[in-house]
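Q: One file: work_6.pdb (PDB, C-alpha atoms and all ligand atoms).
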```
ATOM      1  CA  MET Y   1      44.944 -96.415 -34.384
ATOM      2  CA  THR Y   2      42.721 -95.351 -37.254
ATOM      3  CA  CYS Y   3      41.836 -91.718 -37.688
ATOM      4  CA  TYR Y   4      39.670 -89.760 -40.102
ATOM      5  CA  LEU Y   5      41.115 -86.960 -42.204
ATOM      6  CA  ASN Y   6      39.266 -85.101 -44.951
ATOM      7  CA  GLY Y   7      37.144 -87.972 -46.212
ATOM      8  CA  ARG Y   8      39.492 -90.902 -45.505
ATOM      9  CA  PHE Y   9      39.991 -93.375 -42.681
ATOM     10  CA  LEU Y  10      43.694 -94.168 -42.317
ATOM     11  CA  PRO Y  11      46.323 -95.156 -39.727
ATOM     12  CA  ILE Y  12      47.162 -92.125 -37.590
ATOM     13  CA  GLU Y  13      50.878 -92.467 -38.417
ATOM     14  CA  GLU Y  14      50.017 -91.891 -42.085
ATOM     15  CA  ALA Y  15      47.819 -88.855 -41.488
ATOM     16  CA  SER Y  16      49.398 -85.482 -42.111
ATOM     17  CA  ILE Y  17      48.268 -81.944 -42.795
ATOM     18  CA  PRO Y  18      50.087 -79.144 -44.621
ATOM     19  CA  VAL Y  19      51.981 -76.748 -42.343
ATOM     20  CA  LEU Y  20      49.872 -73.873 -43.697
ATOM     21  CA  ASP Y  21      46.736 -75.318 -42.139
ATOM     22  CA  ARG Y  22      45.149 -72.429 -40.236
ATOM     23  CA  GLY Y  23      44.622 -74.729 -37.269
ATOM     24  CA  PHE Y  24      48.410 -75.011 -37.024
ATOM     25  CA  ILE Y  25      49.209 -71.375 -37.862
ATOM     26  CA  TYR Y  26      46.406 -69.589 -35.934
ATOM     27  CA  GLY Y  27      44.558 -72.153 -33.849
ATOM     28  CA  ASP Y  28      41.741 -71.202 -36.252
ATOM     29  CA  GLY Y  29      39.317 -74.030 -35.637
ATOM     30  CA  VAL Y  30      36.848 -75.651 -33.277
ATOM     31  CA  TYR Y  31      36.634 -79.080 -31.692
ATOM     32  CA  GLU Y  32      34.584 -81.567 -29.694
ATOM     33  CA  VAL Y  33      35.404 -84.391 -27.292
ATOM     34  CA  ILE Y  34      32.687 -87.051 -27.210
ATOM     35  CA  PRO Y  35      32.774 -89.905 -24.690
ATOM     36  CA  VAL Y  36      31.703 -93.347 -25.887
ATOM     37  CA  TYR Y  37      30.370 -95.889 -23.379
ATOM     38  CA  ASP Y  38      29.883 -99.487 -24.481
ATOM     39  CA  ARG Y  39      30.537 -98.365 -28.072
ATOM     40  CA  GLU Y  40      27.677 -95.859 -27.905
ATOM     41  CA  PRO Y  41      28.441 -92.122 -28.179
ATOM     42  CA  PHE Y  42      27.056 -90.305 -25.116
ATOM     43  CA  HIS Y  43      24.617 -87.469 -25.920
ATOM     44  CA  LEU Y  44      25.942 -87.215 -29.464
ATOM     45  CA  ASP Y  45      23.089 -84.885 -30.435
ATOM     46  CA  ARG Y  46      24.177 -82.316 -27.839
ATOM     47  CA  HIS Y  47      27.835 -82.496 -28.939
ATOM     48  CA  LEU Y  48      26.889 -82.057 -32.596
ATOM     49  CA  ALA Y  49      24.572 -79.156 -31.729
ATOM     50  CA  ARG Y  50      27.403 -77.451 -29.831
ATOM     51  CA  LEU Y  51      29.787 -78.136 -32.733
ATOM     52  CA  ALA Y  52      27.308 -76.454 -35.088
ATOM     53  CA  ARG Y  53      27.111 -73.449 -32.733
ATOM     54  CA  SER Y  54      30.921 -73.206 -32.467
ATOM     55  CA  LEU Y  55      31.314 -73.414 -36.259
ATOM     56  CA  ALA Y  56      28.653 -70.753 -36.827
ATOM     57  CA  SER Y  57      30.300 -68.486 -34.228
ATOM     58  CA  VAL Y  58      33.636 -68.563 -36.064
ATOM     59  CA  ARG Y  59      32.026 -68.570 -39.534
ATOM     60  CA  ILE Y  60      33.301 -71.934 -40.746
ATOM     61  CA  ALA Y  61      30.667 -73.741 -42.825
ATOM     62  CA  ASN Y  62      29.638 -77.020 -41.169
ATOM     63  CA  PRO Y  63      31.124 -79.640 -43.503
ATOM     64  CA  TYR Y  64      28.513 -82.320 -42.690
ATOM     65  CA  ASP Y  65      24.931 -82.607 -41.555
ATOM     66  CA  VAL Y  66      24.039 -84.448 -38.362
ATOM     67  CA  ALA Y  67      23.425 -87.782 -40.134
ATOM     68  CA  ALA Y  68      26.801 -87.626 -41.918
ATOM     69  CA  TRP Y  69      28.655 -86.737 -38.705
ATOM     70  CA  GLU Y  70      26.928 -89.573 -36.882
ATOM     71  CA  SER Y  71      27.784 -92.065 -39.594
ATOM     72  CA  LEU Y  72      31.472 -91.002 -39.637
ATOM     73  CA  ILE Y  73      31.715 -91.123 -35.839
ATOM     74  CA  ARG Y  74      30.114 -94.580 -35.687
ATOM     75  CA  THR Y  75      32.478 -95.798 -38.398
ATOM     76  CA  LEU Y  76      35.452 -94.472 -36.417
ATOM     77  CA  ILE Y  77      34.178 -96.229 -33.285
ATOM     78  CA  GLY Y  78      33.865 -99.423 -35.347
ATOM     79  CA  HIS Y  79      37.567 -99.241 -36.241
ATOM     80  CA  HIS Y  80      38.530 -99.611 -32.550
ATOM     81  CA  ASP Y  81      38.059-102.490 -30.105
ATOM     82  CA  ASP Y  82      37.604-100.517 -26.888
ATOM     83  CA  ALA Y  83      34.113-100.389 -25.383
ATOM     84  CA  GLY Y  84      34.958 -96.991 -23.905
ATOM     85  CA  GLN Y  85      36.375 -94.444 -26.323
ATOM     86  CA  SER Y  86      37.001 -90.742 -26.408
ATOM     87  CA  ILE Y  87      36.313 -89.257 -29.822
ATOM     88  CA  TYR Y  88      38.232 -86.090 -30.583
ATOM     89  CA  LEU Y  89      37.155 -84.144 -33.658
ATOM     90  CA  GLN Y  90      38.304 -80.826 -34.997
ATOM     91  CA  VAL Y  91      37.413 -78.628 -37.936
ATOM     92  CA  THR Y  92      39.792 -75.872 -39.018
ATOM     93  CA  ARG Y  93      39.470 -73.116 -41.601
ATOM     94  CA  GLY Y  94      41.715 -75.122 -43.923
ATOM     95  CA  VAL Y  95      44.993 -74.560 -45.731
ATOM     96  CA  ALA Y  96      45.882 -71.150 -47.166
ATOM     97  CA  LYS Y  97      48.704 -68.634 -47.505
ATOM     98  CA  ARG Y  98      49.198 -66.994 -44.112
ATOM     99  CA  ASP Y  99      46.924 -63.966 -43.760
ATOM    100  CA  HIS Y 100      44.734 -63.228 -40.752
ATOM    101  CA  ALA Y 101      41.668 -62.519 -42.907
ATOM    102  CA  PHE Y 102      39.619 -65.539 -44.020
ATOM    103  CA  PRO Y 103      40.785 -67.210 -47.234
ATOM    104  CA  LYS Y 104      38.219 -67.525 -50.024
ATOM    105  CA  ASP Y 105      36.860 -70.894 -51.177
ATOM    106  CA  THR Y 106      39.123 -72.930 -48.914
ATOM    107  CA  PRO Y 107      37.647 -76.228 -47.757
ATOM    108  CA  PRO Y 108      37.861 -76.843 -43.990
ATOM    109  CA  THR Y 109      40.175 -79.516 -42.608
ATOM    110  CA  VAL Y 110      38.239 -82.228 -40.786
ATOM    111  CA  PHE Y 111      40.111 -84.532 -38.419
ATOM    112  CA  MET Y 112      38.841 -87.174 -35.987
ATOM    113  CA  MET Y 113      40.575 -89.712 -33.772
ATOM    114  CA  SER Y 114      39.569 -92.177 -31.088
ATOM    115  CA  ASN Y 115      41.472 -92.868 -27.880
ATOM    116  CA  PRO Y 116      40.545 -95.317 -25.126
ATOM    117  CA  LEU Y 117      38.275 -93.523 -22.640
ATOM    118  CA  VAL Y 118      39.938 -93.424 -19.240
ATOM    119  CA  THR Y 119      37.300 -92.360 -16.717
ATOM    120  CA  PRO Y 120      38.377 -91.557 -13.142
ATOM    121  CA  SER Y 121      39.288 -94.673 -11.160
ATOM    122  CA  PRO Y 122      37.119 -95.728  -8.183
ATOM    123  CA  ALA Y 123      40.000 -94.606  -5.926
ATOM    124  CA  LEU Y 124      39.969 -91.119  -7.450
ATOM    125  CA  VAL Y 125      36.190 -90.912  -7.212
ATOM    126  CA  ALA Y 126      36.479 -91.879  -3.533
ATOM    127  CA  SER Y 127      39.293 -89.451  -2.720
ATOM    128  CA  GLY Y 128      38.395 -86.476  -4.904
ATOM    129  CA  VAL Y 129      41.027 -84.165  -6.355
ATOM    130  CA  ALA Y 130      42.949 -81.055  -5.387
ATOM    131  CA  ALA Y 131      42.314 -77.798  -7.228
ATOM    132  CA  VAL Y 132      43.685 -74.279  -7.113
ATOM    133  CA  THR Y 133      42.050 -70.980  -7.967
ATOM    134  CA  ALA Y 134      43.377 -68.799 -10.771
ATOM    135  CA  THR Y 135      42.356 -65.579 -12.482
ATOM    136  CA  ASP Y 136      40.396 -66.275 -15.645
ATOM    137  CA  ASN Y 137      42.480 -64.350 -18.158
ATOM    138  CA  ARG Y 138      40.908 -65.788 -21.326
ATOM    139  CA  TRP Y 139      39.041 -63.992 -24.093
ATOM    140  CA  PHE Y 140      35.327 -63.148 -24.080
ATOM    141  CA  ARG Y 141      34.189 -66.025 -26.289
ATOM    142  CA  CYS Y 142      34.781 -68.965 -23.961
ATOM    143  CA  ASP Y 143      31.407 -70.317 -25.154
ATOM    144  CA  VAL Y 144      33.122 -71.277 -28.443
ATOM    145  CA  LYS Y 145      34.887 -74.636 -28.215
ATOM    146  CA  SER Y 146      37.937 -73.269 -30.000
ATOM    147  CA  THR Y 147      41.194 -75.120 -30.615
ATOM    148  CA  SER Y 148      42.975 -71.884 -29.544
ATOM    149  CA  LEU Y 149      43.566 -73.238 -26.047
ATOM    150  CA  LEU Y 150      46.815 -71.545 -25.020
ATOM    151  CA  ALA Y 151      45.244 -69.767 -22.038
ATOM    152  CA  ASN Y 152      43.535 -72.984 -20.897
ATOM    153  CA  VAL Y 153      46.796 -74.893 -21.314
ATOM    154  CA  LEU Y 154      48.697 -72.359 -19.183
ATOM    155  CA  LEU Y 155      45.978 -72.348 -16.523
ATOM    156  CA  ARG Y 156      45.868 -76.131 -16.346
ATOM    157  CA  GLN Y 157      49.664 -76.244 -16.056
ATOM    158  CA  PHE Y 158      49.474 -73.637 -13.272
ATOM    159  CA  ALA Y 159      47.218 -76.094 -11.428
ATOM    160  CA  VAL Y 160      49.583 -79.006 -12.087
ATOM    161  CA  ASP Y 161      52.586 -76.931 -10.935
ATOM    162  CA  HIS Y 162      50.731 -76.336  -7.652
ATOM    163  CA  GLY Y 163      49.772 -79.959  -7.133
ATOM    164  CA  GLY Y 164      46.228 -79.581  -8.444
ATOM    165  CA  ALA Y 165      44.179 -81.503 -10.987
ATOM    166  CA  GLU Y 166      42.266 -78.421 -12.084
ATOM    167  CA  ALA Y 167      42.330 -74.618 -11.957
ATOM    168  CA  VAL Y 168      39.062 -73.119 -10.716
ATOM    169  CA  LEU Y 169      38.753 -69.861 -12.648
ATOM    170  CA  LEU Y 170      37.555 -66.585 -11.152
ATOM    171  CA  ARG Y 171      36.789 -63.447 -13.146
ATOM    172  CA  ASP Y 172      35.965 -60.156 -11.393
ATOM    173  CA  GLY Y 173      35.122 -61.981  -8.173
ATOM    174  CA  PHE Y 174      32.861 -64.588  -9.785
ATOM    175  CA  LEU Y 175      33.296 -68.242 -10.736
ATOM    176  CA  THR Y 176      33.436 -68.999 -14.448
ATOM    177  CA  GLU Y 177      34.564 -72.632 -14.926
ATOM    178  CA  GLY Y 178      37.639 -74.865 -14.758
ATOM    179  CA  SER Y 179      40.518 -74.797 -17.253
ATOM    180  CA  SER Y 180      38.984 -77.863 -18.925
ATOM    181  CA  SER Y 181      35.778 -78.538 -16.985
ATOM    182  CA  ASN Y 182      32.703 -76.891 -15.503
ATOM    183  CA  ILE Y 183      32.470 -76.286 -11.756
ATOM    184  CA  PHE Y 184      29.591 -76.780  -9.312
ATOM    185  CA  VAL Y 185      29.311 -75.361  -5.791
ATOM    186  CA  VAL Y 186      27.184 -77.014  -3.096
ATOM    187  CA  ARG Y 187      26.145 -74.915  -0.069
ATOM    188  CA  ASP Y 188      23.393 -75.704   2.402
ATOM    189  CA  GLY Y 189      22.044 -78.501   0.216
ATOM    190  CA  ILE Y 190      21.762 -76.364  -2.935
ATOM    191  CA  VAL Y 191      23.822 -77.068  -6.061
ATOM    192  CA  ALA Y 192      24.807 -73.937  -7.985
ATOM    193  CA  THR Y 193      26.746 -73.375 -11.193
ATOM    194  CA  PRO Y 194      27.250 -70.200 -13.250
ATOM    195  CA  SER Y 195      24.546 -69.301 -15.773
ATOM    196  CA  ARG Y 196      25.456 -69.891 -19.392
ATOM    197  CA  SER Y 197      27.340 -66.976 -20.889
ATOM    198  CA  HIS Y 198      30.160 -66.076 -23.274
ATOM    199  CA  LEU Y 199      32.541 -66.397 -20.280
ATOM    200  CA  MET Y 200      32.319 -70.192 -20.146
ATOM    201  CA  LEU Y 201      31.729 -73.274 -22.211
ATOM    202  CA  THR Y 202      28.301 -74.844 -21.890
ATOM    203  CA  GLY Y 203      29.479 -78.321 -21.044
ATOM    204  CA  VAL Y 204      27.456 -81.271 -22.238
ATOM    205  CA  THR Y 205      28.260 -82.959 -18.915
ATOM    206  CA  LEU Y 206      27.091 -79.813 -17.100
ATOM    207  CA  ASP Y 207      23.753 -79.955 -18.915
ATOM    208  CA  VAL Y 208      23.414 -83.682 -18.171
ATOM    209  CA  VAL Y 209      24.202 -83.114 -14.474
ATOM    210  CA  ALA Y 210      21.686 -80.252 -14.388
ATOM    211  CA  ASP Y 211      18.963 -82.467 -15.906
ATOM    212  CA  ILE Y 212      19.778 -85.298 -13.510
ATOM    213  CA  ALA Y 213      19.691 -82.989 -10.466
ATOM    214  CA  VAL Y 214      16.394 -81.377 -11.468
ATOM    215  CA  ASP Y 215      14.787 -84.787 -12.233
ATOM    216  CA  ALA Y 216      15.898 -86.088  -8.836
ATOM    217  CA  GLY Y 217      14.450 -83.058  -7.062
ATOM    218  CA  ILE Y 218      17.881 -81.828  -5.953
ATOM    219  CA  PRO Y 219      17.783 -78.026  -5.458
ATOM    220  CA  PHE Y 220      19.721 -76.680  -8.446
ATOM    221  CA  GLU Y 221      20.485 -73.118  -9.476
ATOM    222  CA  MET Y 222      22.165 -71.581 -12.527
ATOM    223  CA  ARG Y 223      23.196 -68.070 -11.497
ATOM    224  CA  ASP Y 224      26.207 -65.891 -10.747
ATOM    225  CA  VAL Y 225      28.385 -67.666  -8.172
ATOM    226  CA  HIS Y 226      30.537 -65.351  -6.057
ATOM    227  CA  GLU Y 227      34.127 -66.215  -5.146
ATOM    228  CA  SER Y 228      33.144 -66.190  -1.448
ATOM    229  CA  GLU Y 229      30.671 -69.037  -2.154
ATOM    230  CA  VAL Y 230      33.423 -71.033  -3.847
ATOM    231  CA  ARG Y 231      35.707 -70.530  -0.868
ATOM    232  CA  SER Y 232      33.027 -71.428   1.704
ATOM    233  CA  ALA Y 233      31.452 -74.326  -0.207
ATOM    234  CA  ASP Y 234      30.382 -77.532   1.525
ATOM    235  CA  GLU Y 235      31.247 -79.370  -1.679
ATOM    236  CA  LEU Y 236      32.853 -78.489  -5.001
ATOM    237  CA  TRP Y 237      32.589 -80.649  -8.127
ATOM    238  CA  LEU Y 238      34.073 -80.531 -11.574
ATOM    239  CA  ALA Y 239      32.468 -82.084 -14.643
ATOM    240  CA  SER Y 240      33.647 -82.868 -18.152
ATOM    241  CA  SER Y 241      33.261 -85.471 -20.872
ATOM    242  CA  THR Y 242      36.476 -87.253 -19.884
ATOM    243  CA  ARG Y 243      36.353 -86.775 -16.104
ATOM    244  CA  GLU Y 244      32.582 -87.248 -15.666
ATOM    245  CA  VAL Y 245      31.769 -85.771 -12.233
ATOM    246  CA  LEU Y 246      34.546 -85.533  -9.661
ATOM    247  CA  ALA Y 247      34.661 -84.002  -6.197
ATOM    248  CA  ILE Y 248      37.228 -81.272  -5.522
ATOM    249  CA  THR Y 249      38.293 -81.947  -1.943
ATOM    250  CA  THR Y 250      40.967 -79.295  -1.446
ATOM    251  CA  LEU Y 251      41.076 -75.774  -2.873
ATOM    252  CA  ASP Y 252      44.314 -73.798  -2.622
ATOM    253  CA  GLY Y 253      45.533 -76.377  -0.123
ATOM    254  CA  ARG Y 254      42.537 -75.973   2.216
ATOM    255  CA  PRO Y 255      39.889 -78.685   2.657
ATOM    256  CA  VAL Y 256      36.558 -78.174   0.917
ATOM    257  CA  GLY Y 257      33.886 -78.948   3.546
ATOM    258  CA  ASN Y 258      35.188 -81.942   5.435
ATOM    259  CA  GLY Y 259      37.910 -82.553   2.864
ATOM    260  CA  VAL Y 260      36.209 -85.663   1.466
ATOM    261  CA  PRO Y 261      33.597 -86.069  -1.299
ATOM    262  CA  GLY Y 262      30.285 -85.015   0.240
ATOM    263  CA  PRO Y 263      26.867 -86.703   0.363
ATOM    264  CA  MET Y 264      25.469 -84.675  -2.536
ATOM    265  CA  PHE Y 265      28.417 -85.719  -4.686
ATOM    266  CA  HIS Y 266      27.881 -89.405  -3.891
ATOM    267  CA  ARG Y 267      24.189 -89.096  -4.767
ATOM    268  CA  LEU Y 268      24.832 -87.256  -8.005
ATOM    269  CA  TYR Y 269      27.654 -89.602  -8.996
ATOM    270  CA  ARG Y 270      25.364 -92.642  -8.582
ATOM    271  CA  LEU Y 271      22.610 -90.950 -10.582
ATOM    272  CA  PHE Y 272      25.139 -90.094 -13.306
ATOM    273  CA  GLN Y 273      26.262 -93.730 -13.577
ATOM    274  CA  ASP Y 274      22.580 -94.833 -13.750
ATOM    275  CA  HIS Y 275      21.975 -92.255 -16.451
ATOM    276  CA  LYS Y 276      24.905 -93.591 -18.508
ATOM    277  CA  ARG Y 277      23.369 -97.084 -18.423
ATOM    278  CA  LYS Y 278      19.944 -95.724 -19.401
ATOM    279  CA  CYS Y 279      21.475 -94.012 -22.451
ATOM    280  CA  LEU Y 280      22.649 -97.319 -23.938
ATOM    281  CA  PRO Y 281      20.427 -98.800 -26.665
TER     282      PRO Y 281
HETATM  283  N1  LIG Y 301      36.975 -80.077 -22.308
HETATM  284  N2  LIG Y 301      34.938 -76.050 -19.976
HETATM  285  C1  LIG Y 301      36.086 -76.197 -20.656
HETATM  286  C2  LIG Y 301      36.989 -75.029 -20.775
HETATM  287  C3  LIG Y 301      36.394 -77.448 -21.237
HETATM  288  O1  LIG Y 301      37.539 -77.584 -21.941
HETATM  289  C4  LIG Y 301      35.510 -78.539 -21.074
HETATM  290  C5  LIG Y 301      35.784 -79.892 -21.645
HETATM  291  C6  LIG Y 301      34.333 -78.330 -20.348
HETATM  292  C7  LIG Y 301      33.323 -79.431 -20.156
HETATM  293  O2  LIG Y 301      32.628 -79.680 -21.355
HETATM  294  P1  LIG Y 301      32.013 -81.113 -21.671
HETATM  295  O3  LIG Y 301      31.203 -81.504 -20.497
HETATM  296  O4  LIG Y 301      31.131 -80.882 -22.869
HETATM  297  O5  LIG Y 301      33.158 -82.011 -21.922
HETATM  298  C8  LIG Y 301      34.073 -77.072 -19.823
HETATM  299  C9  LIG Y 301      37.267 -81.290 -23.042
HETATM  300  C10 LIG Y 301      36.926 -82.548 -22.333
HETATM  301  C11 LIG Y 301      38.702 -81.223 -23.539
HETATM  302  O6  LIG Y 301      39.091 -80.135 -23.942
HETATM  303  O7  LIG Y 301      39.406 -82.234 -23.562
END
```
In structure tokens, how does this file's structure come out?
A:
Amino acid sequence: MTCYLNGRFLPIEEASIPVLDRGFIYGDGVYEVIPVYDREPFHLDRHLARLARSLASVRIANPYDVAAWESLIRTLIGHHDDAGQSIYLQVTRGVAKRDHAFPKDTPPTVFMMSNPLVTPSPALVASGVAAVTATDNRWFRCDVKSTSLLANVLLRQFAVDHGGAEAVLLRDGFLTEGSSSNIFVVRDGIVATPSRSHLMLTGVTLDVVADIAVDAGIPFEMRDVHESEVRSADELWLASSTREVLAITTLDGRPVGNGVPGPMFHRLYRLFQDHKRKCLP
């Protein structure tokens, strides 16, 4: 596997970073996960725009412009045979003597790797997944795609420990998102998801699903979603770059709706697959 590190493409086994990298010491960095279908990065512009926003939020200078990022990402894709890839990239504040305050004149560390993209199997799409609710105990900048993911890691493991594929996060009685996905609630034929805020990541998949729903004339709302709506939903979905759109069919061990992926999910899932094909050159 070839990766990219600070200006060089090299085998991942040969890539190393100094232990004083602030990504290692503080989780002081941001990242992106970009799905690649048929060797074509999916909505790359949106991922790079979000990366730019994350970098600006944490005051790390963006090391490349959009054209340079695109060229590096396409080169990385070219180093791998898989038609479907998952590009992981991260930028940290670089290597410096340990001190919480920003170091001066330290170049950022830029790392990228590609893994085969494993999208949910047809069986999983047909069955849906189990999820559990958990209290969203993260910080107030969940809109930043930060590599400091300890809270998300613990929440996801909480779900796994309780037989779930995802933790559906609730803060002060309202839905925020999943531990590594965005969440949609369907009630009475209306799809709802929380409005963008600092309490959640604006998922690229979320935005794509929103566009698809609106274009198809599916009633779609971005607004506060109360816990009671989550618990009484006809359908629940999760969405992310690696899991696409998946139905949540049990929540805290109780069936969601009829306990099988609902009609709105099937419609949206088909539209999403059509959209993927339309995005290819
Ligand atoms: N995570 N919310 C959180 C907390 C996430 O970690 C993710 C994705 C999303 C969905 O974002 P997108 O649709 O842009 O992938 C929402 C990635 C896949 C990860 O950390 O691996």
Q: Could you pull the residues within 7 Å of stretch 156-164 of chain Y, counting all atoms listed in the file, minus those fewer than 2 positions along the same chain, as a list of chain:residue names?
A: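 Result of the neighbour search: Y:Ala130, Y:Ala131, Y:Val132, Y:Asn152, Y:Val153, Y:Leu154, Y:Glu166, Y:Ala167, Y:Ser179.
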Q: What lies within 12 Å of stretch 58-67 of chain Y using only C-alpha atoms, ignoring chain neighbours under 4 positions off, as a ChimeraX atom specification?
A: /Y:6-7,22,27-31,44-54,71-74,90-94,101-111,141,143-148
Q: Mind listing the residues within 9 Å of ligand LIG 301 (chain Y), only C-alpha atoms and all ligand atoms counted, as JSON, numbers by chain?
A: {"Y": [31, 32, 33, 34, 35, 46, 47, 50, 88, 142, 143, 145, 147, 149, 152, 177, 178, 179, 180, 181, 182, 183, 200, 201, 202, 203, 204, 205, 206, 207, 208, 238, 239, 240, 241, 242, 243, 244]}
Q: Work out how far apart atom CA of Y:Thr2 and atom CA of Y:Asp81 are and give it in Å to one decimal.
A: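 Atom CA of Y:Asp81 lies 11.1 Å from atom CA of Y:Thr2.
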Q: For each of Y:Gly253, Y:Val209, Y:His100, Y:Val185, take the minimum atom-to-atom distance to Y:Leu268, counting only C-alpha atoms, then give the residue where this is smallest.
A: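 Selected residue with least distance to Y:Leu268: Y:Val209.
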Q: Could you state which residues are captured by the PyMOL selection byres (((chain Y and resi 194) around 10) and not hetatm) in this file, as a list of chain:residue names?
A: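 Matching residues under the PyMOL selection byres (((chain Y and resi 194) around 10) and not hetatm) are Y:Phe174, Y:Leu175, Y:Thr176, Y:Glu177, Y:Asn182, Y:Ile183, Y:Phe184, Y:Val185, Y:Ala192, Y:Thr193, Y:Ser195, Y:Arg196, Y:Ser197, Y:Leu199, Y:Met200, Y:Thr202, Y:Glu221, Y:Met222, Y:Arg223, Y:Asp224, Y:Val225, Y:His226.
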Q: Could you check which of Y:Gly128, Y:Ser228, Y:Ala151, Y:Arg267 is closest to Y:Thr250, using all atoms listed in the file?
A: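 Of Y:Gly128, Y:Ser228, Y:Ala151, Y:Arg267, the one nearest Y:Thr250 is Y:Gly128, counting all atoms listed in the file.
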Q: Considering all atoms listed in the file, return as number ranges by chain whatever protein or nucleic-acid residues lie within 9 Å of Y:Ala15, sequence-local ones (same chain, fewer than 6 positions apart) excluded.
A: Y: 3-5
